[in-house]
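Below you'll find the structure, written out as structure tokens, and then a few comments.
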Amino acid sequence: MDSMYYIEKYDEYRKNVLNMQASENVLSPNAKRALSSDMASRYSLKIDNYNAYGGTLYFDELLKLLENNVKKLFGSKFSESRPLSGHIASEISLLSIINKNKNAIAISEEDGGYPGYANNNLEDIIGFKSYKMPYKNFNIDYDNLEKSIKTNNIGTVILGQSMFIKPYDMKRINEISKKYDSKVIYDASHVLGLIAGRQFQDDALKYSDILFGSTHKTFFGPQGGIILTNNDEIYNKIEENTIFKTMDNINLSRIGSLSVAVEEMLKYGSEYAKNVIKNTKELIKSLIELRFGLLSEISESHQILLDQNFLNQKNYNFLTFSEELEKNKIIIDRFGRIGTQEITRSGISDMHKIAEIINGICNKLNMINEINNIIGEKTIKYW
Ligand SMILES: *Cc1c(COP(=O)(O)O)cnc(C)c1O
């Protein structure tokens with residue numbers, strides 16, 4: 001078997017499953033076409049008024065178009081769309097804002113926070129100490145956040161989660177952090193597409209110093225990251241920390257594909273994001289009606305969180321339940337998350353049927369005909 005064999009097999013397989021992984025999405029045919037353009041093997045490096053590489057005439061225009069559209073989409077003063085991933089966007093953002101004499105605070109992994117902010121990962125390479133955000137029942141404990149900022153010399157409040165079902169009280173966080181002269185970073189990796197569609201935490205950028213996120217989770221793009229700010233000084237720091245500090249080559253075809261995705265978001269982002277959240281709420285309602293246990297019966301995002309205890313009663317855990325779904329052509333991750341963003345973009349709207357299938361598989365029923373019917377409805381919308 002050669003590589004092309006596996007690539008063909010992979011695509012055929014993915015066409016014939018229902019992807020409900022919370023951190024993934026499908027590309028439109030145009031965004032996919034852009035990825036395989038000639039740009040895929042080229043360089044571009046803008047230095048002041050000229051490009052250090054030749055042959056970049058059209059790419060330079062494309063990057064300008066992208067940055068203008070990103071600013072329009074999010075209503076930001078500045079944007080940086082070159083980061084190769086959400087994680088790299090996070091590194092650049094932290095490098096641009098961390099005060100080495102002060103500490104940071106972030107939501108812990110056990111509360112659904114991003115592992116990059118824990119276990120000495122980004123702390124180690126950037127050089128800061130992070131405290132655990134006071135957090136309970138999917139809410140920040142704001143009074144204790146204020147106490148922690150005061151007693152632990154917090155200079156940076158890091159918001160955003162990998163298990164993300166509820167927005168924050170940004171106005172309150174802004175007031176608290178201003179009082180102690182600390183900065184606020186909003187990691188919107190999971191919800192960037194919902195924010196672009198103005199259906200989740202519309203005040204995220206208004207009340208933070210930097211908002212950044214992945215371009216491929218709820219957003220329509222290929223893998224990458226976008227950073228936004230309204231602050232001139234912070235933007236200059238972001239630019240200083242981008243080329244030759246965190247990256248050199250920026251993957252031009254990815255930028256082309258992202259530019260297509262941003263145009264799609266400008267046109268359809270609001271309708272898409274509304275439908276994602278509507279589908280989340282409908283799927284939760286139907287699962288509850290079937291007495292399928294969930295960790296939270298509310299979600300205002302694309303995510304639905306499974307309940308480990310409920311699965312245990314059915315003799316599953318996150319891993320084995322995900323494996324059982326996979327045998328039945330439904331793909332989710334192994335940390336207990338379900339996402340509605342990709343099925344929404346795929347034009348699937350019967351959430352009651354999806355709930356019946358998931359609940360049926362959990363109860364060891366044969367649901368294959370129902371699943372195949374749903375998979376047969378898959379298309380790609382919003383482009
Ligand atoms: C996924 C994720 C990241 C990392 O993004 P990549 O694009 O995978 O590098 C960072 N922060 C949060 C909260 C995430 O969920």
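Please note that chains go A, B, ... in the order of the structure tokens, that every chain numbers its residues from 1, and that ligands are numbered from 1 in the order shown.
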
Q. Near A:Lys100, within 12 Å and counting only C-alpha atoms, which residues show up once chain neighbours fewer than 4 positions away are dropped, as a list in words?
A. Leu94, Leu95, Ser96, Ala104, Glu123, Ile126, Gly127, Phe128, Lys129, Ser130, Asn153, Ile154, Gly155 and Thr156 of chain A

Per-residue nearest contacts stretch 106-164 of chain A to stretch 203-224 of chain A, cut-off 10 Å, using only C-alpha atoms, as JSON lines:
```
{"residue": "A:Thr156", "atom": "CA", "partner": "A:Asp209", "partner_atom": "CA", "distance": 9.9}
{"residue": "A:Val157", "atom": "CA", "partner": "A:Ser208", "partner_atom": "CA", "distance": 9.4}
{"residue": "A:Ile158", "atom": "CA", "partner": "A:Ser208", "partner_atom": "CA", "distance": 9.7}
{"residue": "A:Leu159", "atom": "CA", "partner": "A:Ser208", "partner_atom": "CA", "distance": 9.3}
{"residue": "A:Gly160", "atom": "CA", "partner": "A:Gly213", "partner_atom": "CA", "distance": 9.4}
```

Write out the residues from the selection above, keeping N, CA and C atoms, as a short mmCIF file (atom, residue, chain, number, x, y, z; two decimals), in the first residue's frame.
```
data_model
loop_
_atom_site.label_atom_id
_atom_site.label_comp_id
_atom_site.auth_asym_id
_atom_site.auth_seq_id
_atom_site.Cartn_x
_atom_site.Cartn_y
_atom_site.Cartn_z
N THR A 156 -2.16 38.79 34.78
CA THR A 156 -2.87 38.35 33.57
C THR A 156 -3.99 37.37 33.92
N VAL A 157 -5.20 37.71 33.52
CA VAL A 157 -6.33 36.80 33.71
C VAL A 157 -6.57 36.11 32.37
N ILE A 158 -6.43 34.78 32.37
CA ILE A 158 -6.62 34.03 31.12
C ILE A 158 -8.00 33.38 31.14
N LEU A 159 -8.85 33.77 30.21
CA LEU A 159 -10.20 33.21 30.13
C LEU A 159 -10.28 32.22 28.96
N GLY A 160 -11.36 31.46 28.93
CA GLY A 160 -11.55 30.51 27.83
C GLY A 160 -11.31 29.09 28.32
#
```

As a count of residues only, please: every residue in stretch 190-325 of chain A that DSSP puts in strand (DSSP E or B).
17

Which chains and residue numbers are within 6 Å of ligand 1, counting only C-alpha atoms and all ligand atoms, if I want them as a PDB file with N, CA, C and O atoms, in the first residue's frame?
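Output file part-v4.pdb follows:
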```
ATOM      1  N   SER A  85      -1.481  27.947  14.528  1.00  0.00           N
ATOM      2  CA  SER A  85      -2.470  27.200  15.323  1.00  0.00           C
ATOM      3  C   SER A  85      -2.975  28.063  16.465  1.00  0.00           C
ATOM      4  O   SER A  85      -2.404  29.129  16.747  1.00  0.00           O
ATOM      5  N   GLY A  86      -4.006  27.598  17.133  1.00  0.00           N
ATOM      6  CA  GLY A  86      -4.513  28.289  18.314  1.00  0.00           C
ATOM      7  C   GLY A  86      -3.455  28.329  19.406  1.00  0.00           C
ATOM      8  O   GLY A  86      -3.297  29.332  20.097  1.00  0.00           O
ATOM      9  N   HIS A  87      -2.716  27.257  19.556  1.00  0.00           N
ATOM     10  CA  HIS A  87      -1.683  27.196  20.596  1.00  0.00           C
ATOM     11  C   HIS A  87      -0.598  28.240  20.340  1.00  0.00           C
ATOM     12  O   HIS A  87      -0.141  28.914  21.262  1.00  0.00           O
ATOM     13  N   TYR A 114      -7.909  24.675  29.394  1.00  0.00           N
ATOM     14  CA  TYR A 114      -6.989  24.148  28.377  1.00  0.00           C
ATOM     15  C   TYR A 114      -5.708  23.624  29.046  1.00  0.00           C
ATOM     16  O   TYR A 114      -5.093  24.345  29.829  1.00  0.00           O
ATOM     17  N   GLY A 160     -11.361  31.464  28.929  1.00  0.00           N
ATOM     18  CA  GLY A 160     -11.549  30.508  27.835  1.00  0.00           C
ATOM     19  C   GLY A 160     -11.308  29.090  28.319  1.00  0.00           C
ATOM     20  O   GLY A 160     -10.545  28.863  29.250  1.00  0.00           O
ATOM     21  N   GLN A 161     -12.003  28.146  27.711  1.00  0.00           N
ATOM     22  CA  GLN A 161     -11.936  26.745  28.153  1.00  0.00           C
ATOM     23  C   GLN A 161     -12.007  25.800  26.958  1.00  0.00           C
ATOM     24  O   GLN A 161     -12.483  26.179  25.887  1.00  0.00           O
ATOM     25  N   SER A 162     -11.566  24.568  27.205  1.00  0.00           N
ATOM     26  CA  SER A 162     -11.729  23.524  26.194  1.00  0.00           C
ATOM     27  C   SER A 162     -13.080  22.843  26.351  1.00  0.00           C
ATOM     28  O   SER A 162     -13.647  22.310  25.404  1.00  0.00           O
ATOM     29  N   ASP A 187      -9.199  33.342  25.480  1.00  0.00           N
ATOM     30  CA  ASP A 187      -8.883  32.249  24.558  1.00  0.00           C
ATOM     31  C   ASP A 187     -10.203  31.689  24.009  1.00  0.00           C
ATOM     32  O   ASP A 187     -10.886  30.912  24.670  1.00  0.00           O
ATOM     33  N   SER A 189     -10.611  29.716  21.445  1.00  0.00           N
ATOM     34  CA  SER A 189     -10.323  28.642  20.479  1.00  0.00           C
ATOM     35  C   SER A 189     -11.563  27.836  20.101  1.00  0.00           C
ATOM     36  O   SER A 189     -11.816  27.588  18.930  1.00  0.00           O
ATOM     37  N   HIS A 190     -12.339  27.439  21.121  1.00  0.00           N
ATOM     38  CA  HIS A 190     -13.505  26.621  20.813  1.00  0.00           C
ATOM     39  C   HIS A 190     -14.641  27.393  20.179  1.00  0.00           C
ATOM     40  O   HIS A 190     -15.388  26.857  19.364  1.00  0.00           O
ATOM     41  N   SER A 214      -8.560  29.393  17.746  1.00  0.00           N
ATOM     42  CA  SER A 214      -8.298  28.483  16.625  1.00  0.00           C
ATOM     43  C   SER A 214      -9.275  28.793  15.489  1.00  0.00           C
ATOM     44  O   SER A 214     -10.409  29.193  15.737  1.00  0.00           O
ATOM     45  N   GLY A 224      -5.409  26.687  12.224  1.00  0.00           N
ATOM     46  CA  GLY A 224      -4.652  27.921  12.366  1.00  0.00           C
ATOM     47  C   GLY A 224      -5.139  28.717  13.552  1.00  0.00           C
ATOM     48  O   GLY A 224      -5.958  28.233  14.342  1.00  0.00           O
TER      49      GLY A 224
END
```

re atom CA of A:Gly339 and atom CA of A:Ala40: distance 29.8 Å

Restricting to only C-alpha atoms, whichever of A:Glu297, A:Glu326, A:Asp181, A:Asp38 is closest to A:Asn137 is A:Glu297

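Proximity to A:Gly336 was assessed for A:Glu300, A:Glu240, A:Asp307, A:Glu377 counting only C-alpha atoms; the smallest distance is recorded for A:Asp307.
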
From the list A:Arg337, A:Lys32, A:Lys178, A:Lys327, the nearest residue to A:Asn366 using only C-alpha atoms is A:Lys327

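Atom CA of A:Glu239 sits 20.2 Å away from atom CA of A:Thr56.
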
Skip stretch 2-16 of chain A itself and residues of its chain fewer than 4 positions away, then list as a PyMOL selection string all residues within 10 Å of it, counting only C-alpha atoms. chain A and resi 329-331+371-372+375-376+378-379

Prev. selection, C-alpha atoms, output as a PDB file, in the first residue's frame:
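Contents of the output file selection-v2.pdb:
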```pdb
ATOM      1  CA  LYS A 329     -20.205   5.621  12.599  1.00  0.00           C
ATOM      2  CA  ILE A 330     -20.497   8.494  15.096  1.00  0.00           C
ATOM      3  CA  ILE A 331     -17.205  10.172  15.990  1.00  0.00           C
ATOM      4  CA  ILE A 371     -27.479   6.363  11.215  1.00  0.00           C
ATOM      5  CA  ASN A 372     -27.054   5.557   7.544  1.00  0.00           C
ATOM      6  CA  ILE A 375     -25.275  10.214   6.961  1.00  0.00           C
ATOM      7  CA  GLY A 376     -27.026  10.137   3.591  1.00  0.00           C
ATOM      8  CA  LYS A 378     -24.854  15.177   4.749  1.00  0.00           C
ATOM      9  CA  THR A 379     -23.991  18.150   2.583  1.00  0.00           C
TER      10      THR A 379
END
```

List the spatial neighbours of stretch 61-71 of chain A as an mmCIF file with N, CA and C atoms, in the first residue's frame - criterion: any atom at most 8 Å away, only C-alpha atoms, same-chain residues fewer than 2 positions off excluded.
```
data_model
loop_
_atom_site.group_PDB
_atom_site.id
_atom_site.type_symbol
_atom_site.label_atom_id
_atom_site.label_comp_id
_atom_site.auth_asym_id
_atom_site.auth_seq_id
_atom_site.Cartn_x
_atom_site.Cartn_y
_atom_site.Cartn_z
ATOM 1 N N LEU A 57 3.442 38.661 -5.330
ATOM 2 C CA LEU A 57 2.519 39.738 -5.726
ATOM 3 C C LEU A 57 1.070 39.482 -5.318
ATOM 4 N N TYR A 58 0.516 38.349 -5.730
ATOM 5 C CA TYR A 58 -0.898 38.085 -5.434
ATOM 6 C C TYR A 58 -1.100 37.665 -3.985
ATOM 7 N N PHE A 59 -0.090 37.012 -3.418
ATOM 8 C CA PHE A 59 -0.246 36.602 -2.026
ATOM 9 C C PHE A 59 -0.304 37.815 -1.096
ATOM 10 N N LEU A 73 -15.082 41.392 10.309
ATOM 11 C CA LEU A 73 -15.878 40.315 10.903
ATOM 12 C C LEU A 73 -16.002 40.461 12.416
ATOM 13 N N PHE A 74 -14.872 40.777 13.083
ATOM 14 C CA PHE A 74 -14.887 40.828 14.546
ATOM 15 C C PHE A 74 -15.020 42.251 15.088
ATOM 16 N N GLY A 75 -15.004 43.234 14.184
ATOM 17 C CA GLY A 75 -15.070 44.617 14.635
ATOM 18 C C GLY A 75 -13.864 45.011 15.473
ATOM 19 N N SER A 76 -12.681 44.492 15.126
ATOM 20 C CA SER A 76 -11.485 44.826 15.908
ATOM 21 C C SER A 76 -10.655 45.867 15.184
ATOM 22 N N LYS A 77 -9.820 46.579 15.950
ATOM 23 C CA LYS A 77 -8.948 47.584 15.342
ATOM 24 C C LYS A 77 -7.764 46.900 14.648
ATOM 25 N N PHE A 78 -7.243 45.846 15.285
ATOM 26 C CA PHE A 78 -6.092 45.134 14.726
ATOM 27 C C PHE A 78 -6.360 43.629 14.665
ATOM 28 N N SER A 79 -5.669 42.962 13.731
ATOM 29 C CA SER A 79 -5.756 41.505 13.673
ATOM 30 C C SER A 79 -4.432 40.923 13.218
ATOM 31 N N GLU A 80 -4.167 39.713 13.662
ATOM 32 C CA GLU A 80 -2.978 38.962 13.224
ATOM 33 C C GLU A 80 -3.457 37.556 12.882
ATOM 34 N N SER A 81 -3.460 37.234 11.591
ATOM 35 C CA SER A 81 -4.059 35.971 11.148
ATOM 36 C C SER A 81 -3.018 34.954 10.689
ATOM 37 N N ILE A 255 -3.293 30.281 4.656
ATOM 38 C CA ILE A 255 -3.779 31.666 4.707
ATOM 39 C C ILE A 255 -4.854 31.875 3.623
ATOM 40 N N GLY A 256 -4.605 31.314 2.430
ATOM 41 C CA GLY A 256 -5.589 31.431 1.348
ATOM 42 C C GLY A 256 -6.905 30.777 1.738
ATOM 43 N N LEU A 258 -7.964 30.183 4.795
ATOM 44 C CA LEU A 258 -8.564 30.955 5.890
ATOM 45 C C LEU A 258 -9.301 32.174 5.338
ATOM 46 N N SER A 259 -8.707 32.789 4.329
ATOM 47 C CA SER A 259 -9.327 33.968 3.723
ATOM 48 C C SER A 259 -10.686 33.614 3.110
ATOM 49 N N VAL A 262 -13.109 33.162 6.028
ATOM 50 C CA VAL A 262 -13.541 34.433 6.632
ATOM 51 C C VAL A 262 -14.631 35.075 5.758
ATOM 52 N N GLU A 263 -14.493 34.975 4.452
ATOM 53 C CA GLU A 263 -15.560 35.489 3.562
ATOM 54 C C GLU A 263 -16.867 34.726 3.773
ATOM 55 N N LEU A 266 -18.357 35.980 6.995
ATOM 56 C CA LEU A 266 -18.987 37.305 6.831
ATOM 57 C C LEU A 266 -20.390 37.151 6.264
#
```

* Enumerate, as a count of residues only, the complete set of residues in stretch 22-86 of chain A that a backbone-based DSSP assignment places in helix (DSSP H, G or I). => 30

Within 12 Å of stretch 350-358 of chain A, which residues of stretch 14-79 of chain A come that close, and what is the closest atom pair and distance in Å for each? Count only C-alpha atoms and give it as JSON lines.
```
{"residue": "A:Leu18", "atom": "CA", "partner": "A:Ile354", "partner_atom": "CA", "distance": 10.1}
{"residue": "A:Asn19", "atom": "CA", "partner": "A:Ile354", "partner_atom": "CA", "distance": 11.9}
{"residue": "A:Met20", "atom": "CA", "partner": "A:Ile354", "partner_atom": "CA", "distance": 10.5}
```

Kindly save the residues from that selection, with C-alpha atoms included, as a short mmCIF file (atom, residue, chain, number, x, y, z; two decimals), in the first residue's frame.
```cif
data_model
loop_
_atom_site.label_atom_id
_atom_site.label_comp_id
_atom_site.auth_asym_id
_atom_site.auth_seq_id
_atom_site.Cartn_x
_atom_site.Cartn_y
_atom_site.Cartn_z
CA LEU A 18 -21.07 11.53 11.35
CA ASN A 19 -18.44 13.75 12.98
CA MET A 20 -19.56 15.20 16.30
#
```

### Query
Could you pull the residues within 9 Å of A:Leu45, counting only C-alpha atoms, minus those fewer than 4 positions along the same chain, as a PyMOL selection string?
chain A and resi 50-53+56+243+248-250

_Residues near A:Thr246, anyone? I mean within 9 Å using only C-alpha atoms, not counting same-chain ones fewer than 6 positions away, as a PyMOL selection string._
chain A and resi 83+88+91-92
